[in-house]
$ cat final-v1.cif   # mmCIF, C-alpha atoms
data_target
#
loop_
_atom_site.label_atom_id
_atom_site.label_comp_id
_atom_site.auth_asym_id
_atom_site.auth_seq_id
_atom_site.Cartn_x
_atom_site.Cartn_y
_atom_site.Cartn_z
CA MET V 149 90.63 125.00 88.32
CA LYS V 150 90.99 128.64 89.39
CA ILE V 151 92.18 127.54 92.82
CA LEU V 152 94.70 125.09 91.31
CA GLY V 153 95.89 127.85 88.97
CA LYS V 154 96.82 129.93 92.00
CA LEU V 155 99.12 127.13 93.19
CA GLN V 156 101.59 127.58 90.30
CA HIS V 157 104.68 127.79 92.53
CA VAL V 158 103.75 125.19 95.16
CA LYS V 159 106.37 122.40 95.41
CA LEU V 160 104.43 120.04 97.70
CA LEU V 161 100.73 119.43 97.09
CA GLU V 162 98.30 117.19 98.99
CA ILE V 163 94.89 116.61 97.43
CA GLY V 164 91.98 115.11 99.33
CA SER V 165 89.53 112.54 98.03
CA LEU V 166 86.71 114.96 97.23
CA VAL V 167 89.01 117.12 95.08
CA ILE V 168 90.26 113.97 93.32
CA LYS V 169 86.63 113.12 92.49
CA ILE V 170 86.13 116.63 91.07
CA LEU V 171 89.35 116.29 89.04
CA SER V 172 88.07 112.90 87.81
CA ALA V 173 84.87 114.53 86.57
CA LEU V 174 86.88 117.28 84.85
CA GLU V 175 89.17 114.71 83.24
CA VAL V 176 86.23 112.70 81.89
CA GLU V 177 84.74 115.94 80.52
CA GLY V 178 88.06 116.75 78.83
CA LEU V 179 88.48 120.18 80.44
CA SER V 180 92.01 121.61 80.52
CA SER V 181 93.96 122.33 83.67
CA PRO V 182 96.87 124.65 84.46
CA LEU V 183 100.43 123.33 84.41
CA LEU V 184 101.81 123.37 87.95
CA ASN V 185 105.31 122.97 89.41
CA TYR V 186 104.84 120.62 92.34
CA LYS V 187 107.57 118.03 92.84
CA CYS V 188 105.77 116.03 95.53
CA LEU V 189 102.14 115.01 95.21
CA THR V 190 100.13 113.23 97.92
CA LEU V 191 96.69 111.93 97.00
CA ASP V 192 94.04 110.63 99.41
CA ALA V 193 92.18 108.13 97.21
CA THR V 194 89.02 106.52 98.56
CA ASN V 195 88.37 104.29 95.55
CA PHE V 196 91.28 103.83 93.17
CA ASP V 197 89.10 102.66 90.27
CA GLU V 198 86.87 105.73 90.46
CA ASP V 199 89.67 108.12 91.39
CA LEU V 200 92.09 107.14 88.61
CA PRO V 201 91.00 109.84 86.14
CA GLY V 202 91.57 112.48 88.86
CA ILE V 203 94.89 110.89 89.81
CA ILE V 204 95.94 111.00 86.16
CA ARG V 205 94.82 114.64 85.95
CA ALA V 206 96.88 115.52 89.04
CA ILE V 207 99.97 113.68 87.72
CA CYS V 208 99.67 115.23 84.27
CA SER V 209 99.32 118.73 85.74
CA THR V 210 103.06 118.88 86.40
CA HIS V 211 106.13 118.01 84.37
CA VAL V 212 108.51 118.05 87.35
CA LEU V 213 106.87 115.44 89.62
CA GLU V 214 109.52 113.51 91.58
CA LYS V 215 107.54 111.88 94.40
CA LEU V 216 104.03 110.43 94.28
CA VAL V 217 102.24 109.23 97.42
CA ILE V 218 98.85 107.54 97.11
CA LYS V 219 96.96 106.95 100.36
CA LEU V 220 94.26 104.35 99.76
CA GLN V 221 91.20 104.41 102.00
CA LEU V 222 88.05 102.32 102.20
CA VAL V 223 85.76 105.31 102.85
CA LYS V 224 82.85 105.63 100.42
CA PHE V 225 81.67 108.97 99.05
CA PRO V 226 78.67 109.40 96.77
CA GLU V 227 79.73 108.97 93.15
CA PHE V 228 79.65 112.03 90.88
CA ARG V 229 79.22 109.83 87.82
CA ASP V 230 80.17 106.38 86.60
CA LEU V 231 83.96 106.53 86.39
CA ASN V 232 84.60 102.81 86.77
CA ASP V 233 86.90 101.14 84.28
CA CYS V 234 88.41 104.42 83.12
CA ARG V 235 90.47 102.51 80.57
CA THR V 236 87.42 102.77 78.33
CA LYS V 237 87.69 106.54 78.62
CA LYS V 238 90.35 108.62 76.88
CA ASN V 239 92.81 108.32 79.78
CA TRP V 240 94.27 104.89 79.26
CA ASP V 241 94.89 103.35 75.85
CA SER V 242 94.88 99.65 74.96
CA ASN V 243 98.59 99.35 75.70
CA GLY V 244 98.08 100.64 79.25
CA THR V 245 99.76 103.99 78.67
CA ILE V 246 98.43 107.36 79.73
CA PHE V 247 97.93 109.89 76.95
CA ASN V 248 99.88 113.15 77.12
CA CYS V 249 101.36 112.45 80.52
CA SER V 250 105.02 112.49 81.37
CA VAL V 251 106.38 110.72 84.41
CA SER V 252 109.98 111.12 83.27
CA ASN V 253 111.14 112.85 86.49
CA LEU V 254 109.33 110.54 88.90
CA LYS V 255 111.80 109.02 91.38
CA THR V 256 109.70 107.65 94.23
CA VAL V 257 106.21 106.16 94.47
CA LYS V 258 104.62 105.23 97.77
CA ILE V 259 101.26 103.47 97.98
CA ILE V 260 99.87 103.38 101.50
CA GLY V 261 96.93 101.34 102.68
CA LEU V 262 96.60 98.49 100.21
CA SER V 263 94.16 96.18 101.96
CA GLU V 264 92.91 92.68 101.43
CA ARG V 265 89.41 93.98 102.23
CA ASP V 266 89.49 96.18 99.09
CA ASP V 267 89.11 93.83 96.14
CA ARG V 268 89.86 96.37 93.38
CA HIS V 269 93.59 95.75 93.02
CA LYS V 270 93.79 94.96 89.30
CA LEU V 271 93.74 98.57 88.10
CA LEU V 272 96.16 99.67 90.83
CA PHE V 273 98.63 96.99 89.71
CA GLU V 274 98.23 98.06 86.07
CA PHE V 275 99.00 101.62 87.17
CA VAL V 276 102.13 100.46 89.04
CA GLU V 277 103.21 98.49 85.98
CA PHE V 278 102.71 101.60 83.82
CA LEU V 279 104.92 103.60 86.18
CA LEU V 280 107.61 100.92 86.16
CA LYS V 281 107.63 100.90 82.35
CA ASN V 282 107.61 104.66 81.83
CA ALA V 283 109.25 106.43 84.76
CA ARG V 284 112.88 106.16 83.67
CA MET V 285 114.21 107.91 86.80
CA LEU V 286 112.18 105.75 89.20
CA ASN V 287 114.37 104.56 92.06
CA LYS V 288 111.84 103.13 94.49
CA ILE V 289 108.28 101.92 94.80
CA VAL V 290 107.04 101.30 98.33
CA VAL V 291 103.74 99.49 98.92
CA ILE V 292 102.43 99.48 102.49
CA LEU V 293 99.82 96.81 103.26
CA VAL V 294 97.19 97.13 106.00
CA ASP V 295 94.54 94.76 107.41
CA CYS V 296 95.95 91.67 105.73
CA GLY V 297 95.61 87.97 106.33
CA THR V 298 98.56 85.65 105.89
CA GLY V 299 98.06 84.94 102.17
CA PHE V 300 97.51 88.45 100.84
CA PRO V 301 101.08 89.75 101.31
CA PHE V 302 102.36 86.79 99.28
CA GLU V 303 99.85 87.52 96.48
CA VAL V 304 100.96 91.16 96.35
CA PHE V 305 104.63 90.15 96.52
CA GLU V 306 104.18 87.73 93.59
CA LYS V 307 102.41 90.41 91.53
CA LEU V 308 105.12 92.98 92.22
CA LEU V 309 107.82 90.43 91.37
CA SER V 310 106.12 89.79 88.04
CA PHE V 311 106.84 93.43 87.16
CA ARG V 312 110.62 93.07 87.64
CA SER V 313 111.12 92.48 83.90
CA CYS V 314 109.74 95.95 83.07
CA CYS V 315 111.66 97.72 85.86
CA PHE V 316 114.75 99.72 85.20
CA PRO V 317 117.76 98.08 86.91
CA ARG V 318 118.05 100.67 89.67
CA THR V 319 114.37 100.47 90.71
CA THR V 320 113.71 98.79 94.05
CA ILE V 321 110.32 97.56 95.14
CA GLU V 322 109.57 97.42 98.88
CA LEU V 323 106.58 95.69 100.41
CA LEU V 324 105.84 96.68 104.01
CA TYR V 325 103.09 95.85 106.48
CA SER V 326 101.48 98.30 108.89
CA ASN V 327 98.93 97.56 111.61
#

$ encode --input "final-v1.cif" --output "structure tokens"
Amino acid sequence: MKILGKLQHVKLLEIGSLVIKILSALEVEGLSSPLLNYKCLTLDATNFDEDLPGIIRAICSTHVLEKLVIKLQLVKFPEFRDLNDCRTKKNWDSNGTIFNCSVSNLKTVKIIGLSERDDRHKLLFEFVEFLLKNARMLNKIVVILVDCGTGFPFEVFEKLLSFRSCCFPRTTIELLYSN
């Protein structure tokens, strides 16, 4: 937290997976963090389910966040603790909203590396739905698929289309494929 506190005036912040895991542990413990001023946040998430408390901590650490990039990876690190299903923790209430977290300035979300080989999509889609419902300035969500068979892009496309009713009219959703 001391190191993050020294980043008060940083506008662009990239956090690696190990730091996200540490932030997840801090979030579960309920420890406070400094308020930062970054407008662009890039997160290297190795396991979205386990990393979500740290992702929430990083998002809630700024009130001026405009661009969020989440890079999903299939690399496994040793777990610090059981952080699965963080909705049972204090982070996510029964309505799927994050406590004490403002995403009011968020304009762009990019999720890179969604793969058919990673079967933990449910929580990621709930997170995207939360953003679509609560980020009133959100202009664009981009989801980039990797390592997909022919059916998976259609499944993701259908799921994203099901969120159109909670989108603000100006929000566009792009689904891209990368080798």

$ residues_around --input "final-v1.cif" --residues "V:Tyr186" --least-positions-apart "3" --cutoff "6 Å" --atoms "only C-alpha atoms" --output "MDAnalysis selection string"
chainID V and resid 158:160

$ residues_around --input "final-v1.cif" --residues "V:Asp267" --least-positions-apart "3" --cutoff "12 Å" --atoms "only C-alpha atoms" --output "count of residues only"
13

$ closest_residue --input "final-v1.cif" --among "V:Val176, V:Leu220, V:Leu184, V:Leu308" --to "V:Ile151" --atoms "all atoms listed in the file"
V:Leu184

$ closest_residue --input "final-v1.cif" --among "V:Gly297, V:Gly261, V:Pro317, V:Pro201" --to "V:Ile170" --atoms "all atoms listed in the file"
V:Pro201

$ resolve_selection --input "final-v1.cif" --expression "the PyMOL selection byres ((chain V and resi 310) around 12)" --output "tab-separated table (two decimals) with C-alpha atoms, in the frame of the given file"
chain	number	residue	atom	x	y	z
V	273	PHE	CA	98.63	96.99	89.71
V	274	GLU	CA	98.23	98.06	86.07
V	276	VAL	CA	102.13	100.46	89.04
V	277	GLU	CA	103.21	98.49	85.98
V	280	LEU	CA	107.61	100.92	86.16
V	303	GLU	CA	99.85	87.52	96.48
V	304	VAL	CA	100.96	91.16	96.35
V	305	PHE	CA	104.63	90.15	96.52
V	306	GLU	CA	104.18	87.73	93.59
V	307	LYS	CA	102.41	90.41	91.53
V	308	LEU	CA	105.12	92.98	92.22
V	309	LEU	CA	107.82	90.43	91.37
V	311	PHE	CA	106.84	93.43	87.16
V	312	ARG	CA	110.62	93.07	87.64
V	313	SER	CA	111.12	92.48	83.90
V	314	CYS	CA	109.74	95.95	83.07
V	315	CYS	CA	111.66	97.72	85.86
V	321	ILE	CA	110.32	97.56	95.14

$ atom_distance --input "final-v1.cif" --atom1 "atom CA of V:Asn185" --atom2 "atom CA of V:Leu254"
13.1 Å

$ residues_around --input "final-v1.cif" --residues "V:Val291" --least-positions-apart "5" --cutoff "7 Å" --atoms "all atoms listed in the file" --output "list in words"
Lys258, Ile259, Ile260, Glu322, Leu323 and Leu324 of chain V

$ write_last_selection --input "final-v1.cif" --atoms "C-alpha atoms" --output "PDB file, in the coordinates of the input"
ATOM      1  CA  LYS V 258     104.620 105.230  97.770  1.00  0.00           C
ATOM      2  CA  ILE V 259     101.260 103.470  97.980  1.00  0.00           C
ATOM      3  CA  ILE V 260      99.870 103.380 101.500  1.00  0.00           C
ATOM      4  CA  GLU V 322     109.570  97.420  98.880  1.00  0.00           C
ATOM      5  CA  LEU V 323     106.580  95.690 100.410  1.00  0.00           C
ATOM      6  CA  LEU V 324     105.840  96.680 104.010  1.00  0.00           C
TER       7      LEU V 324
END

$ decode --input "final-v1.cif" --residues "stretch 162-309 of chain V" --atoms "C-alpha atoms" --output "PDB file, in the first residue's frame"
ATOM      1  CA  GLU V 162      -0.501  -1.265 -15.220  1.00  0.00           C
ATOM      2  CA  ILE V 163      -0.744  -3.885 -12.492  1.00  0.00           C
ATOM      3  CA  GLY V 164       0.589  -7.408 -12.877  1.00  0.00           C
ATOM      4  CA  SER V 165      -1.093 -10.587 -11.728  1.00  0.00           C
ATOM      5  CA  LEU V 166       0.911 -11.047  -8.533  1.00  0.00           C
ATOM      6  CA  VAL V 167       0.050  -7.525  -7.341  1.00  0.00           C
ATOM      7  CA  ILE V 168      -3.625  -8.181  -8.174  1.00  0.00           C
ATOM      8  CA  LYS V 169      -3.462 -11.272  -5.951  1.00  0.00           C
ATOM      9  CA  ILE V 170      -1.978  -9.176  -3.131  1.00  0.00           C
ATOM     10  CA  LEU V 171      -4.704  -6.539  -3.637  1.00  0.00           C
ATOM     11  CA  SER V 172      -7.280  -9.363  -3.537  1.00  0.00           C
ATOM     12  CA  ALA V 173      -5.950 -10.509  -0.176  1.00  0.00           C
ATOM     13  CA  LEU V 174      -6.035  -6.921   1.134  1.00  0.00           C
ATOM     14  CA  GLU V 175      -9.589  -6.466  -0.123  1.00  0.00           C
ATOM     15  CA  VAL V 176     -10.777  -9.656   1.566  1.00  0.00           C
ATOM     16  CA  GLU V 177      -9.089  -8.489   4.792  1.00  0.00           C
ATOM     17  CA  GLY V 178     -10.866  -5.125   4.496  1.00  0.00           C
ATOM     18  CA  LEU V 179      -7.707  -3.005   4.635  1.00  0.00           C
ATOM     19  CA  SER V 180      -7.964   0.535   3.249  1.00  0.00           C
ATOM     20  CA  SER V 181      -6.044   1.803   0.259  1.00  0.00           C
ATOM     21  CA  PRO V 182      -5.019   5.279  -0.894  1.00  0.00           C
ATOM     22  CA  LEU V 183      -7.154   7.160  -3.409  1.00  0.00           C
ATOM     23  CA  LEU V 184      -5.215   7.505  -6.660  1.00  0.00           C
ATOM     24  CA  ASN V 185      -5.705   9.594  -9.813  1.00  0.00           C
ATOM     25  CA  TYR V 186      -5.068   7.175 -12.649  1.00  0.00           C
ATOM     26  CA  LYS V 187      -7.363   7.522 -15.654  1.00  0.00           C
ATOM     27  CA  CYS V 188      -6.207   4.359 -17.439  1.00  0.00           C
ATOM     28  CA  LEU V 189      -5.811   1.054 -15.647  1.00  0.00           C
ATOM     29  CA  THR V 190      -4.427  -2.129 -17.224  1.00  0.00           C
ATOM     30  CA  LEU V 191      -4.695  -5.350 -15.246  1.00  0.00           C
ATOM     31  CA  ASP V 192      -2.976  -8.657 -16.044  1.00  0.00           C
ATOM     32  CA  ALA V 193      -5.431 -11.159 -14.558  1.00  0.00           C
ATOM     33  CA  THR V 194      -4.461 -14.827 -14.468  1.00  0.00           C
ATOM     34  CA  ASN V 195      -7.710 -16.086 -12.963  1.00  0.00           C
ATOM     35  CA  PHE V 196     -10.637 -13.686 -13.098  1.00  0.00           C
ATOM     36  CA  ASP V 197     -12.604 -15.465 -10.356  1.00  0.00           C
ATOM     37  CA  GLU V 198      -9.707 -15.280  -7.900  1.00  0.00           C
ATOM     38  CA  ASP V 199      -8.506 -11.864  -9.061  1.00  0.00           C
ATOM     39  CA  LEU V 200     -11.872 -10.080  -8.877  1.00  0.00           C
ATOM     40  CA  PRO V 201     -11.420  -8.714  -5.330  1.00  0.00           C
ATOM     41  CA  GLY V 202      -8.066  -7.202  -6.413  1.00  0.00           C
ATOM     42  CA  ILE V 203      -9.613  -5.875  -9.623  1.00  0.00           C
ATOM     43  CA  ILE V 204     -12.385  -4.265  -7.580  1.00  0.00           C
ATOM     44  CA  ARG V 205      -9.775  -2.798  -5.205  1.00  0.00           C
ATOM     45  CA  ALA V 206      -7.829  -1.335  -8.145  1.00  0.00           C
ATOM     46  CA  ILE V 207     -10.988   0.128  -9.741  1.00  0.00           C
ATOM     47  CA  CYS V 208     -12.224   1.572  -6.451  1.00  0.00           C
ATOM     48  CA  SER V 209      -8.838   3.192  -5.761  1.00  0.00           C
ATOM     49  CA  THR V 210      -9.601   5.971  -8.236  1.00  0.00           C
ATOM     50  CA  HIS V 211     -12.614   8.164  -8.882  1.00  0.00           C
ATOM     51  CA  VAL V 212     -11.404   9.371 -12.298  1.00  0.00           C
ATOM     52  CA  LEU V 213     -10.978   6.045 -14.135  1.00  0.00           C
ATOM     53  CA  GLU V 214     -11.826   6.437 -17.839  1.00  0.00           C
ATOM     54  CA  LYS V 215     -10.277   3.344 -19.447  1.00  0.00           C
ATOM     55  CA  LEU V 216     -10.072  -0.175 -18.051  1.00  0.00           C
ATOM     56  CA  VAL V 217      -8.100  -2.924 -19.807  1.00  0.00           C
ATOM     57  CA  ILE V 218      -8.209  -6.474 -18.445  1.00  0.00           C
ATOM     58  CA  LYS V 219      -5.738  -8.937 -19.956  1.00  0.00           C
ATOM     59  CA  LEU V 220      -6.885 -12.469 -19.176  1.00  0.00           C
ATOM     60  CA  GLN V 221      -4.257 -15.201 -19.038  1.00  0.00           C
ATOM     61  CA  LEU V 222      -4.373 -18.923 -18.341  1.00  0.00           C
ATOM     62  CA  VAL V 223      -1.200 -18.925 -16.219  1.00  0.00           C
ATOM     63  CA  LYS V 224      -1.617 -20.419 -12.750  1.00  0.00           C
ATOM     64  CA  PHE V 225       0.024 -18.954  -9.658  1.00  0.00           C
ATOM     65  CA  PRO V 226      -0.193 -20.478  -6.194  1.00  0.00           C
ATOM     66  CA  GLU V 227      -3.294 -19.201  -4.408  1.00  0.00           C
ATOM     67  CA  PHE V 228      -2.824 -16.892  -1.423  1.00  0.00           C
ATOM     68  CA  ARG V 229      -6.177 -17.958   0.010  1.00  0.00           C
ATOM     69  CA  ASP V 230      -9.562 -19.145  -1.173  1.00  0.00           C
ATOM     70  CA  LEU V 231     -10.929 -16.141  -3.057  1.00  0.00           C
ATOM     71  CA  ASN V 232     -13.302 -18.052  -5.317  1.00  0.00           C
ATOM     72  CA  ASP V 233     -16.880 -16.844  -5.575  1.00  0.00           C
ATOM     73  CA  CYS V 234     -16.065 -13.426  -4.151  1.00  0.00           C
ATOM     74  CA  ARG V 235     -19.756 -12.530  -4.333  1.00  0.00           C
ATOM     75  CA  THR V 236     -20.039 -14.212  -0.941  1.00  0.00           C
ATOM     76  CA  LYS V 237     -17.493 -11.721   0.363  1.00  0.00           C
ATOM     77  CA  LYS V 238     -18.258  -8.062   1.032  1.00  0.00           C
ATOM     78  CA  ASN V 239     -17.346  -6.984  -2.519  1.00  0.00           C
ATOM     79  CA  TRP V 240     -20.427  -7.914  -4.470  1.00  0.00           C
ATOM     80  CA  ASP V 241     -23.953  -7.700  -3.083  1.00  0.00           C
ATOM     81  CA  SER V 242     -26.942  -9.829  -4.068  1.00  0.00           C
ATOM     82  CA  ASN V 243     -27.927  -7.368  -6.789  1.00  0.00           C
ATOM     83  CA  GLY V 244     -24.513  -7.679  -8.442  1.00  0.00           C
ATOM     84  CA  THR V 245     -23.323  -4.210  -7.495  1.00  0.00           C
ATOM     85  CA  ILE V 246     -19.965  -3.329  -6.020  1.00  0.00           C
ATOM     86  CA  PHE V 247     -20.028  -1.565  -2.669  1.00  0.00           C
ATOM     87  CA  ASN V 248     -18.486   1.902  -2.438  1.00  0.00           C
ATOM     88  CA  CYS V 249     -17.154   1.886  -5.965  1.00  0.00           C
ATOM     89  CA  SER V 250     -17.829   4.506  -8.581  1.00  0.00           C
ATOM     90  CA  VAL V 251     -17.391   3.798 -12.265  1.00  0.00           C
ATOM     91  CA  SER V 252     -19.162   7.002 -13.281  1.00  0.00           C
ATOM     92  CA  ASN V 253     -16.268   8.293 -15.432  1.00  0.00           C
ATOM     93  CA  LEU V 254     -15.495   4.993 -17.146  1.00  0.00           C
ATOM     94  CA  LYS V 255     -15.667   5.407 -20.937  1.00  0.00           C
ATOM     95  CA  THR V 256     -13.882   2.376 -22.388  1.00  0.00           C
ATOM     96  CA  VAL V 257     -13.468  -1.234 -21.270  1.00  0.00           C
ATOM     97  CA  LYS V 258     -11.272  -3.693 -23.131  1.00  0.00           C
ATOM     98  CA  ILE V 259     -11.105  -7.370 -22.189  1.00  0.00           C
ATOM     99  CA  ILE V 260      -8.284  -9.192 -23.945  1.00  0.00           C
ATOM    100  CA  GLY V 261      -7.783 -12.929 -24.037  1.00  0.00           C
ATOM    101  CA  LEU V 262     -11.190 -14.448 -23.367  1.00  0.00           C
ATOM    102  CA  SER V 263     -10.644 -18.090 -24.267  1.00  0.00           C
ATOM    103  CA  GLU V 264     -12.832 -21.099 -24.740  1.00  0.00           C
ATOM    104  CA  ARG V 265     -10.225 -23.094 -22.788  1.00  0.00           C
ATOM    105  CA  ASP V 266     -10.957 -21.019 -19.655  1.00  0.00           C
ATOM    106  CA  ASP V 267     -14.345 -22.160 -18.391  1.00  0.00           C
ATOM    107  CA  ARG V 268     -14.834 -19.449 -15.742  1.00  0.00           C
ATOM    108  CA  HIS V 269     -16.781 -16.945 -17.827  1.00  0.00           C
ATOM    109  CA  LYS V 270     -19.880 -16.515 -15.659  1.00  0.00           C
ATOM    110  CA  LEU V 271     -18.339 -14.067 -13.192  1.00  0.00           C
ATOM    111  CA  LEU V 272     -16.625 -12.119 -15.985  1.00  0.00           C
ATOM    112  CA  PHE V 273     -19.979 -11.686 -17.746  1.00  0.00           C
ATOM    113  CA  GLU V 274     -21.613 -10.578 -14.480  1.00  0.00           C
ATOM    114  CA  PHE V 275     -18.830  -7.997 -14.120  1.00  0.00           C
ATOM    115  CA  VAL V 276     -19.408  -6.744 -17.688  1.00  0.00           C
ATOM    116  CA  GLU V 277     -23.132  -6.528 -16.985  1.00  0.00           C
ATOM    117  CA  PHE V 278     -22.414  -4.523 -13.815  1.00  0.00           C
ATOM    118  CA  LEU V 279     -20.285  -2.095 -15.831  1.00  0.00           C
ATOM    119  CA  LEU V 280     -22.976  -1.730 -18.488  1.00  0.00           C
ATOM    120  CA  LYS V 281     -25.580  -0.941 -15.820  1.00  0.00           C
ATOM    121  CA  ASN V 282     -23.496   1.483 -13.784  1.00  0.00           C
ATOM    122  CA  ALA V 283     -20.933   3.227 -15.988  1.00  0.00           C
ATOM    123  CA  ARG V 284     -23.114   6.020 -17.356  1.00  0.00           C
ATOM    124  CA  MET V 285     -20.328   7.476 -19.526  1.00  0.00           C
ATOM    125  CA  LEU V 286     -19.385   4.102 -21.043  1.00  0.00           C
ATOM    126  CA  ASN V 287     -18.980   4.429 -24.804  1.00  0.00           C
ATOM    127  CA  LYS V 288     -17.381   1.130 -25.747  1.00  0.00           C
ATOM    128  CA  ILE V 289     -16.712  -2.381 -24.525  1.00  0.00           C
ATOM    129  CA  VAL V 290     -14.288  -4.427 -26.597  1.00  0.00           C
ATOM    130  CA  VAL V 291     -13.904  -8.170 -25.982  1.00  0.00           C
ATOM    131  CA  ILE V 292     -11.038  -9.899 -27.777  1.00  0.00           C
ATOM    132  CA  LEU V 293     -11.327 -13.682 -28.050  1.00  0.00           C
ATOM    133  CA  VAL V 294      -8.345 -16.035 -28.383  1.00  0.00           C
ATOM    134  CA  ASP V 295      -8.003 -19.801 -28.949  1.00  0.00           C
ATOM    135  CA  CYS V 296     -11.636 -20.316 -29.905  1.00  0.00           C
ATOM    136  CA  GLY V 297     -13.505 -22.999 -31.767  1.00  0.00           C
ATOM    137  CA  THR V 298     -16.328 -22.130 -34.115  1.00  0.00           C
ATOM    138  CA  GLY V 299     -19.139 -22.183 -31.524  1.00  0.00           C
ATOM    139  CA  PHE V 300     -17.573 -20.137 -28.730  1.00  0.00           C
ATOM    140  CA  PRO V 301     -17.662 -16.725 -30.473  1.00  0.00           C
ATOM    141  CA  PHE V 302     -21.402 -17.190 -31.053  1.00  0.00           C
ATOM    142  CA  GLU V 303     -21.947 -18.051 -27.370  1.00  0.00           C
ATOM    143  CA  VAL V 304     -20.068 -14.923 -26.292  1.00  0.00           C
ATOM    144  CA  PHE V 305     -21.886 -12.817 -28.884  1.00  0.00           C
ATOM    145  CA  GLU V 306     -25.281 -14.057 -27.628  1.00  0.00           C
ATOM    146  CA  LYS V 307     -24.324 -13.306 -24.023  1.00  0.00           C
ATOM    147  CA  LEU V 308     -23.143  -9.797 -24.882  1.00  0.00           C
ATOM    148  CA  LEU V 309     -26.313  -9.173 -26.899  1.00  0.00           C
TER     149      LEU V 309
END
